file work17.txt (compact mmCIF, C-alpha atoms)
# COMPACT_ATOMS: atom_id res chain seq x y z
CA MET P 764 4.35 2.07 -0.25
CA THR P 765 2.35 3.93 -2.89
CA SER P 766 0.59 7.25 -2.50
CA VAL P 767 -2.71 5.69 -1.34
CA LYS P 768 -1.95 2.12 -0.29
CA GLU P 769 0.74 0.27 1.60
CA PHE P 770 2.46 -2.72 0.03
CA ARG P 771 3.40 -5.71 2.18
CA VAL P 772 5.66 -8.54 1.08
CA ASP P 773 5.05 -11.86 2.86
CA GLU P 774 7.02 -14.04 0.44
CA PRO P 775 9.19 -12.31 -2.18
CA PRO P 776 8.96 -13.33 -5.85
CA THR P 777 11.86 -14.90 -7.69
CA ALA P 778 12.82 -15.20 -11.34
CA ASP P 779 10.95 -18.53 -11.42
CA SER P 780 7.96 -18.03 -9.15
CA LEU P 781 5.46 -15.50 -7.86
CA GLY P 782 5.60 -14.32 -4.29
CA ARG P 783 2.78 -13.42 -1.93
CA GLY P 784 1.82 -10.21 -0.22
CA ALA P 785 -0.94 -7.68 0.24
CA PHE P 786 -2.18 -4.19 -0.46
CA VAL P 787 -3.28 -2.35 2.68
CA PHE P 788 -5.55 0.50 1.61
CA THR P 789 -5.28 3.83 3.41
CA ASP P 790 -7.60 6.83 3.46
CA ASP P 791 -4.97 8.97 1.72
CA TYR P 792 -5.58 10.42 -1.72
CA SER P 793 -3.42 11.78 -4.52
CA VAL P 794 -4.08 14.12 -7.46
CA PHE P 795 -1.91 15.52 -10.27
CA ASP P 796 0.87 12.97 -9.59
CA TRP P 797 1.67 14.82 -6.34
CA GLY P 798 1.62 11.80 -4.08
CA LYS P 799 0.07 11.87 -0.61
CA MET P 800 -2.05 14.99 -0.08
CA PRO P 801 -2.42 16.77 3.28
CA ASP P 802 -5.83 15.26 4.18
CA THR P 803 -7.43 11.84 4.44
CA ILE P 804 -10.91 10.86 3.25
CA PRO P 805 -12.79 8.72 5.81
CA GLU P 806 -13.41 5.11 4.67
CA LYS P 807 -11.89 5.74 1.26
CA GLY P 808 -9.43 2.85 1.71
CA ALA P 809 -12.14 0.36 2.59
CA SER P 810 -14.22 1.59 -0.34
CA LEU P 811 -11.40 1.05 -2.85
CA CYS P 812 -10.51 -2.36 -1.41
CA THR P 813 -14.15 -3.51 -1.51
CA MET P 814 -14.75 -2.31 -5.05
CA GLY P 815 -11.40 -3.64 -6.28
CA ALA P 816 -12.01 -7.08 -4.75
CA PHE P 817 -15.52 -7.16 -6.23
CA ASN P 818 -14.11 -6.46 -9.70
CA PHE P 819 -11.30 -8.99 -9.41
CA GLU P 820 -13.84 -11.66 -8.52
CA LEU P 821 -15.93 -10.62 -11.54
CA LEU P 822 -12.86 -11.00 -13.75
CA GLU P 823 -11.94 -14.39 -12.30
CA ARG P 824 -15.46 -15.70 -12.92
CA ALA P 825 -15.18 -14.48 -16.52
CA GLY P 826 -11.90 -16.36 -16.99
CA VAL P 827 -9.58 -13.34 -16.90
CA PRO P 828 -6.40 -14.28 -14.95
CA THR P 829 -5.38 -11.88 -12.17
CA HIS P 830 -2.98 -11.63 -9.23
CA TYR P 831 -5.89 -11.41 -6.74
CA ARG P 832 -6.12 -14.00 -3.95
CA GLY P 833 -8.89 -12.59 -1.75
CA VAL P 834 -9.38 -10.11 1.06
CA VAL P 835 -7.85 -10.44 4.50
CA GLU P 836 -10.00 -10.65 7.63
CA ASP P 837 -8.46 -11.43 11.01
CA GLY P 838 -5.33 -12.67 9.26
CA THR P 839 -7.21 -15.11 7.01
CA VAL P 840 -7.68 -14.79 3.24
CA VAL P 841 -11.38 -15.03 2.33
CA SER P 842 -13.61 -14.15 -0.59
CA LEU P 843 -15.37 -10.81 -0.48
CA ALA P 844 -18.69 -12.59 0.11
CA ASP P 845 -17.27 -14.10 3.30
CA ALA P 846 -16.04 -10.77 4.69
CA SER P 847 -18.10 -9.52 7.63
CA GLU P 848 -17.22 -5.84 7.05
CA PRO P 849 -15.66 -3.70 4.33
CA PRO P 850 -12.06 -4.96 3.98
CA ARG P 851 -8.95 -2.81 3.93
CA GLU P 852 -6.45 -5.49 3.00
CA MET P 853 -6.24 -7.41 -0.29
CA ALA P 854 -4.09 -10.54 -0.67
CA ILE P 855 -2.21 -10.72 -3.97
CA ASP P 856 0.44 -12.68 -5.82
CA LEU P 857 3.66 -10.72 -6.28
CA THR P 858 5.85 -10.44 -9.33
CA GLN P 859 9.29 -8.92 -9.77
CA VAL P 860 9.59 -5.16 -10.22
CA PRO P 861 13.22 -4.32 -11.05
CA ASP P 862 14.59 -0.82 -10.77
CA LEU P 863 14.20 1.20 -13.96
CA PRO P 864 17.54 3.00 -14.46
CA ASN P 865 17.40 6.49 -15.90
CA ASP P 866 19.61 9.34 -16.95
CA GLY P 867 17.31 12.34 -16.70
CA ARG P 868 14.34 11.44 -18.87
CA GLU P 869 16.14 8.61 -20.67
CA TYR P 870 15.03 5.25 -19.23
CA ASP P 871 16.83 1.94 -19.71
CA TYR P 872 14.10 -0.61 -20.39
CA ASP P 873 16.62 -3.12 -21.73
CA GLN P 874 18.19 -3.28 -18.26
CA TYR P 875 14.74 -3.55 -16.66
CA HIS P 876 13.91 -6.63 -18.72
CA GLU P 877 17.35 -8.15 -18.30
CA ASP P 878 16.85 -8.00 -14.54
CA ALA P 879 13.20 -9.12 -14.74
CA ALA P 880 13.71 -12.40 -16.63
CA ALA P 881 10.26 -13.87 -17.45
CA ASN P 882 8.41 -12.95 -14.26
CA TYR P 883 7.80 -9.21 -14.08
CA LEU P 884 5.38 -6.33 -13.83
CA ILE P 885 4.89 -4.94 -17.32
CA PRO P 886 5.97 -1.28 -17.04
CA LEU P 887 2.92 0.04 -18.90
CA GLU P 888 -0.58 1.25 -18.19
CA ILE P 889 -3.23 0.25 -20.72
CA VAL P 890 -5.87 2.97 -20.89
CA PHE P 891 -9.37 2.44 -22.32
CA ARG P 892 -11.80 5.24 -23.13
CA ASN P 893 -15.53 4.86 -23.76
CA ARG P 894 -16.11 8.61 -23.73
CA VAL P 895 -13.96 11.63 -24.56
CA PRO P 896 -14.91 14.42 -22.13
CA VAL P 897 -14.24 18.07 -22.84
CA GLY P 898 -11.07 18.21 -20.71
CA SER P 899 -9.54 14.96 -21.94
CA SER P 900 -5.85 15.01 -22.84
CA LEU P 901 -6.80 12.98 -25.91
CA ARG P 902 -8.18 16.16 -27.48
CA ARG P 903 -4.82 17.91 -27.11
CA ARG P 904 -2.77 14.99 -28.39
CA THR P 905 -4.84 13.63 -31.27
CA GLU P 906 -7.41 14.51 -33.90
CA PRO P 907 -10.85 12.85 -34.21
CA ALA P 908 -9.81 11.26 -37.50
CA ASP P 909 -7.03 9.40 -35.66
CA HIS P 910 -9.77 7.33 -34.05
CA GLY P 911 -12.06 6.90 -37.04
CA LEU P 912 -14.47 9.65 -35.99
CA ALA P 913 -16.24 11.39 -38.86
CA VAL P 914 -15.68 14.98 -37.65
CA ASP P 915 -12.90 17.44 -38.45
CA GLU P 916 -12.59 18.89 -34.94
CA TRP P 917 -13.44 17.76 -31.45
CA PRO P 918 -16.95 19.04 -30.61
CA ASP P 919 -17.64 21.28 -27.61
CA GLU P 920 -19.44 18.49 -25.77
CA ALA P 921 -18.37 15.04 -24.61
CA VAL P 922 -18.09 12.38 -27.31
CA ASP P 923 -19.49 8.90 -26.66
CA LEU P 924 -17.58 6.26 -28.58
CA GLU P 925 -19.08 3.27 -30.38
CA GLU P 926 -15.84 1.37 -29.82
CA PRO P 927 -13.41 2.08 -26.96
CA ILE P 928 -10.11 3.81 -27.69
CA LEU P 929 -7.08 1.99 -26.25
CA GLU P 930 -3.78 3.68 -25.47
CA PHE P 931 -0.52 2.77 -23.75
CA SER P 932 1.31 4.98 -21.27
CA THR P 933 4.45 4.56 -19.22
CA LYS P 934 4.17 3.33 -15.65
CA TYR P 935 7.44 4.09 -13.85
CA GLU P 936 8.75 7.22 -15.48
CA GLU P 937 8.68 10.34 -13.31
CA GLY P 938 6.27 11.98 -15.72
CA ASP P 939 4.06 9.42 -17.45
CA ARG P 940 3.73 9.78 -21.22
CA TYR P 941 1.55 8.22 -23.90
CA LEU P 942 3.27 5.94 -26.38
CA GLU P 943 3.08 4.93 -29.99
CA ARG P 944 2.30 1.26 -30.38
CA ALA P 945 5.82 0.31 -31.50
CA GLU P 946 7.42 1.86 -28.42
CA ALA P 947 4.82 0.25 -26.16
CA ASP P 948 5.68 -3.11 -27.73
CA THR P 949 9.35 -2.60 -26.90
CA ILE P 950 8.65 -1.51 -23.33
CA ALA P 951 6.33 -4.51 -22.78
CA GLY P 952 9.25 -6.90 -23.26
CA ILE P 953 8.27 -10.45 -24.14
CA ALA P 954 4.62 -9.72 -23.32
CA SER P 955 2.47 -9.20 -26.42
CA VAL P 956 0.79 -5.83 -26.92
CA GLU P 957 -1.97 -7.62 -28.83
CA ASP P 958 -2.69 -9.73 -25.75
CA LEU P 959 -2.56 -6.66 -23.53
CA GLU P 960 -5.11 -4.96 -25.75
CA SER P 961 -7.36 -8.02 -25.74
CA ILE P 962 -7.31 -8.24 -21.94
CA ALA P 963 -7.94 -4.50 -21.58
CA ARG P 964 -10.97 -4.72 -23.85
CA GLU P 965 -12.39 -7.60 -21.81
CA VAL P 966 -11.82 -5.81 -18.50
CA ASN P 967 -13.45 -2.70 -19.93
CA ARG P 968 -16.45 -4.73 -21.10
CA ILE P 969 -16.94 -6.40 -17.72
CA VAL P 970 -16.64 -3.16 -15.72
CA THR P 971 -18.88 -1.29 -18.18
CA ASP P 972 -21.59 -3.97 -17.92
CA GLN P 973 -21.44 -3.99 -14.12
CA ALA P 974 -21.62 -0.20 -14.00
CA ALA P 975 -24.64 -0.21 -16.31
CA SER P 976 -26.43 -2.61 -13.95
CA ALA P 977 -26.10 0.12 -11.28
CA GLU P 978 -27.16 2.88 -13.72
CA LEU P 979 -23.60 4.21 -13.84
CA GLU P 980 -21.77 5.28 -16.98
CA HIS P 981 -18.23 3.89 -17.24
CA GLU P 982 -16.27 6.58 -19.04
CA ASP P 983 -12.66 5.41 -18.94
CA GLY P 984 -10.08 3.49 -16.94
CA LYS P 985 -6.82 1.60 -17.01
CA ILE P 986 -5.21 -1.68 -16.09
CA GLU P 987 -1.73 -2.83 -15.20
CA CYS P 988 -0.52 -6.36 -15.83
CA LEU P 989 2.17 -8.85 -14.91
CA TYR P 990 3.78 -11.52 -17.07
CA VAL P 991 4.61 -14.98 -15.71
CA ASP P 992 4.78 -18.50 -17.15
CA GLY P 993 3.95 -17.16 -20.61
CA GLU P 994 0.70 -15.61 -19.35
CA ILE P 995 -0.47 -12.05 -18.81
CA ARG P 996 -2.42 -11.46 -15.60
CA VAL P 997 -4.24 -8.33 -14.46
CA ALA P 998 -2.44 -6.71 -11.52
CA ASP P 999 -2.67 -3.70 -9.20
CA VAL P 1000 -6.36 -2.77 -8.58
CA VAL P 1001 -9.17 -2.65 -11.13
CA GLY P 1002 -12.29 -0.58 -11.69
CA THR P 1003 -12.38 1.70 -8.64
CA PHE P 1004 -13.17 5.40 -8.41
CA ASP P 1005 -9.42 6.09 -8.36
CA GLU P 1006 -8.47 4.00 -11.40
CA ASN P 1007 -11.58 4.67 -13.51
CA ARG P 1008 -14.02 7.47 -14.23
CA PHE P 1009 -17.73 6.86 -13.81
CA SER P 1010 -20.73 9.18 -13.87
CA TYR P 1011 -24.26 9.03 -12.54
CA GLU P 1012 -27.06 11.07 -14.10
CA GLY P 1013 -24.41 13.16 -15.82
CA VAL P 1014 -22.48 13.88 -12.60
CA GLN P 1015 -18.84 12.81 -12.35
CA LEU P 1016 -18.23 10.01 -9.86
CA SER P 1017 -14.49 9.45 -9.51
CA LYS P 1018 -11.26 11.02 -8.27
CA GLU P 1019 -11.84 13.56 -11.04
CA VAL P 1020 -14.21 15.33 -8.62
CA LEU P 1021 -11.23 16.09 -6.36
CA ARG P 1022 -9.03 17.10 -9.29
CA GLN P 1023 -11.59 19.62 -10.51
CA TYR P 1024 -12.21 20.95 -7.00
CA HIS P 1025 -8.49 21.64 -6.56
CA LYS P 1026 -8.42 23.47 -9.89
CA ARG P 1027 -11.15 25.80 -8.62
CA ALA P 1028 -10.05 26.10 -4.98
CA GLN P 1029 -6.25 26.08 -5.32
CA PRO P 1030 -5.41 27.49 -8.77
CA GLU P 1031 -2.05 28.86 -7.60
CA TRP P 1032 -0.88 25.37 -6.63
CA ILE P 1033 -2.15 23.93 -9.92
CA ARG P 1034 -0.23 26.56 -11.89
CA ALA P 1035 2.90 25.85 -9.84
CA VAL P 1036 2.60 22.11 -10.56
CA GLU P 1037 2.18 22.73 -14.29
CA ALA P 1038 5.13 25.13 -14.32
CA ALA P 1039 7.34 22.66 -12.43
CA LYS P 1040 6.50 19.85 -14.82
CA ALA P 1041 7.25 22.08 -17.81
CA GLU P 1042 10.57 23.19 -16.30
CA ALA P 1043 11.56 19.60 -15.57
CA LYS P 1044 10.84 18.69 -19.18
CA ARG P 1045 12.93 21.60 -20.46
CA GLU P 1046 15.82 20.73 -18.17
CA ASP P 1047 15.50 16.99 -18.87
CA VAL P 1048 15.22 16.08 -15.18
CA ALA P 1049 12.90 13.51 -13.65
CA ASP P 1050 12.11 15.11 -10.26
CA TRP P 1051 9.62 17.84 -11.12
CA LYS P 1052 8.30 18.12 -7.54
CA GLY P 1053 11.66 19.47 -6.41
CA LEU P 1054 11.06 22.40 -8.78
CA CYS P 1055 7.59 23.24 -7.44
CA ASP P 1056 7.45 26.33 -5.21
CA GLN P 1057 3.90 25.73 -3.87
CA GLN P 1058 2.37 23.12 -1.56
CA PRO P 1059 -1.26 21.93 -1.61
CA GLN P 1060 -3.46 23.15 1.24
CA SER P 1061 -5.85 21.13 3.39
CA LEU P 1062 -9.47 20.87 2.31
CA GLU P 1063 -12.50 21.93 4.30
CA GLU P 1064 -14.21 19.23 6.37
CA SER P 1065 -17.39 19.50 4.30
CA VAL P 1066 -15.43 18.73 1.11
CA LEU P 1067 -13.84 15.65 2.69
CA GLU P 1068 -17.26 14.45 3.88
CA THR P 1069 -18.70 14.86 0.39
CA ALA P 1070 -15.77 12.89 -1.03
CA ARG P 1071 -16.34 10.18 1.60
CA ASP P 1072 -20.01 9.87 0.61
CA MET P 1073 -19.04 9.71 -3.07
CA TYR P 1074 -16.69 6.77 -2.52
CA CYS P 1075 -18.95 4.91 -0.09
CA ALA P 1076 -22.30 5.51 -1.80
CA GLY P 1077 -20.70 4.74 -5.16
CA THR P 1078 -19.29 1.44 -3.89
CA ASN P 1079 -22.69 0.46 -2.46
CA ALA P 1080 -24.36 1.20 -5.78
CA TYR P 1081 -21.73 -0.49 -7.95
CA THR P 1082 -21.62 -3.72 -5.91
CA GLY P 1083 -25.33 -3.81 -5.17
CA GLU P 1084 -24.65 -4.25 -1.45
CA GLU P 1085 -24.85 -1.88 1.52
CA TRP P 1086 -21.26 -2.11 2.67
CA PHE P 1087 -21.21 1.42 4.06
CA ASP P 1088 -23.52 3.69 6.01
CA ALA P 1089 -23.92 6.24 3.26
CA PRO P 1090 -26.71 8.20 1.60
CA PRO P 1091 -28.26 6.88 -1.61
CA LEU P 1092 -26.19 7.78 -4.62
CA SER P 1093 -29.00 10.00 -5.89
CA SER P 1094 -28.60 12.09 -2.72
CA ALA P 1095 -24.79 12.04 -2.66
CA ILE P 1096 -24.50 13.56 -6.12
CA GLY P 1097 -26.35 16.66 -4.92
CA ALA P 1098 -23.44 17.48 -2.64
CA ILE P 1099 -20.95 16.64 -5.40
CA LYS P 1100 -22.66 19.14 -7.69
CA GLY P 1101 -22.25 21.76 -5.00
CA LEU P 1102 -18.48 21.46 -4.77

call {"tool": "encode", "arguments": {"input": "work17.txt", "output": "structure tokens"}}
result
Amino acid sequence: MTSVKEFRVDEPPTADSLGRGAFVFTDDYSVFDWGKMPDTIPEKGASLCTMGAFNFELLERAGVPTHYRGVVEDGTVVSLADASEPPREMAIDLTQVPDLPNDGREYDYDQYHEDAAANYLIPLEIVFRNRVPVGSSLRRRTEPADHGLAVDEWPDEAVDLEEPILEFSTKYEEGDRYLERAEADTIAGIASVEDLESIAREVNRIVTDQAASAELEHEDGKIECLYVDGEIRVADVVGTFDENRFSYEGVQLSKEVLRQYHKRAQPEWIRAVEAAKAEAKREDVADWKGLCDQQPQSLEESVLETARDMYCAGTNAYTGEEWFDAPPLSSAIGAIKGL
């Protein structure tokens, strides 16, 4: 179980072979690493499954290996084109995911890889950025010169990049952190960071081109990968409005809409989350949520309906098919602006 999708194992993986299972997408959502929030967003799960399956099939046609097997309809695995309605279940190959031992914020990756052998989920996220928005963490952590940009300070407006910036972050630590390349190489195990970068660039190119065909801007995103039989394959889910940030006519079209709404509507909770994370870091403990003295509140029905239209209208536009009964994207963004 993850915060927004259920994980089913039909045939467990072994040290020598992949297993089989499925993601079952729910209408839950998560922001600020909180996990499951109090509300659900209608048809969000089907939207993410449809868009994720569409992207996996794009990658497969481009020769990028993945763990995707198809979508599930009436118990049968089919291609997205053969699905009669928006799917909620995605069939996937499974790899080993050992426990990652930790002592506070010290994590034992050597033990992880010893238990994983040569068939494992690489415990990294590979992040690609085509744009650096005003609120990006990249501005706090780095200088423009670190990325070859010919300015002394980050400008007040968003920065469009000629070449994407790639970064590595941890996947299974309680508080994810960005890594220097050498540490990412160690955490990746026998998988090559050069190969991970190459695959991330290709995924970014494919998603960016597809977005452009729908008049969407692809701002940033991430991938996760598995390693098996000497090969890196793209895993988890790719190129959805939860994993990636898109915009349409300058309006944000991603989970970032919900993040920003919570910052405006529930600032006390946001401050409590930030304080809990800071305290956990000071005390060198992993469970920051146990230190948080506030809980998120439910959203108004109108906000949930706007979020539903964003996911559904966005999926229709991105895939070029009317999977959902939703307003045109040009209409949906009007409500998003009003949040």

call {"tool": "atom_distance", "arguments": {"input": "work17.txt", "atom1": "CA of Gly867 (chain P)", "atom2": "CA of Glu1037 (chain P)"}}
result
18.5 Å

call {"tool": "atom_distance", "arguments": {"input": "work17.txt", "atom1": "CA of His981 (chain P)", "atom2": "CA of Val1001 (chain P)"}}
result
12.7 Å

call {"tool": "closest_atom_pairs", "arguments": {"input": "work17.txt", "of": "region 865-885 of chain P", "to": "region 1045-1060 of chain P", "cutoff": "10 Å", "atoms": "all atoms listed in the file", "output": "JSON lines"}}
result
{"residue": "P:Asn865", "atom": "CA", "partner": "P:Ala1049", "partner_atom": "CA", "distance": 8.6}
{"residue": "P:Asp866", "atom": "CA", "partner": "P:Val1048", "partner_atom": "CA", "distance": 8.2}
{"residue": "P:Gly867", "atom": "CA", "partner": "P:Val1048", "partner_atom": "CA", "distance": 4.5}
{"residue": "P:Arg868", "atom": "CA", "partner": "P:Asp1047", "partner_atom": "CA", "distance": 5.7}
{"residue": "P:Glu869", "atom": "CA", "partner": "P:Asp1047", "partner_atom": "CA", "distance": 8.6}

call {"tool": "atom_distance", "arguments": {"input": "work17.txt", "atom1": "CA of Asp873 (chain P)", "atom2": "CA of Val860 (chain P)"}}
result
13.6 Å

call {"tool": "residues_around", "arguments": {"input": "work17.txt", "residues": "region 896-912 of chain P", "least_positions_apart": "4", "cutoff": "9 Å", "atoms": "all atoms listed in the file", "output": "PyMOL selection string"}}
result
chain P and resi 916-924+928+982

call {"tool": "closest_residue", "arguments": {"input": "work17.txt", "among": "P:Thr813, P:Phe786, P:Arg1008, P:Asp878", "to": "Ser847 (chain P)", "atoms": "only C-alpha atoms"}}
result
P:Thr813

call {"tool": "residues_near_point", "arguments": {"input": "work17.txt", "point": "(3.7, -5.6, -18.6)", "cutoff": "10 Å", "atoms": "all atoms listed in the file", "output": "ChimeraX atom specification"}}
result
/P:882-889,934,947-948,950-956,959,987-991,995-998

call {"tool": "closest_atom_pairs", "arguments": {"input": "work17.txt", "of": "region 907-1026 of chain P", "to": "region 789-806 of chain P", "cutoff": "10 Å", "atoms": "all atoms listed in the file", "output": "CSV"}}
result
residue,atom,partner,partner_atom,distance
P:Glu937,CA,P:Asp796,CA,9.0
P:Gly938,CA,P:Asp796,CA,8.2
P:Asp939,CA,P:Asp796,CA,9.2
P:Asp1005,CA,P:Tyr792,CA,8.8
P:Lys1018,CA,P:Val794,CA,7.9
P:Glu1019,CA,P:Val794,CA,8.6
P:Leu1021,CA,P:Val794,CA,7.5
P:Arg1022,CA,P:Val794,CA,6.1
P:Gln1023,CA,P:Val794,CA,9.8
P:His1025,CA,P:Val794,CA,8.8
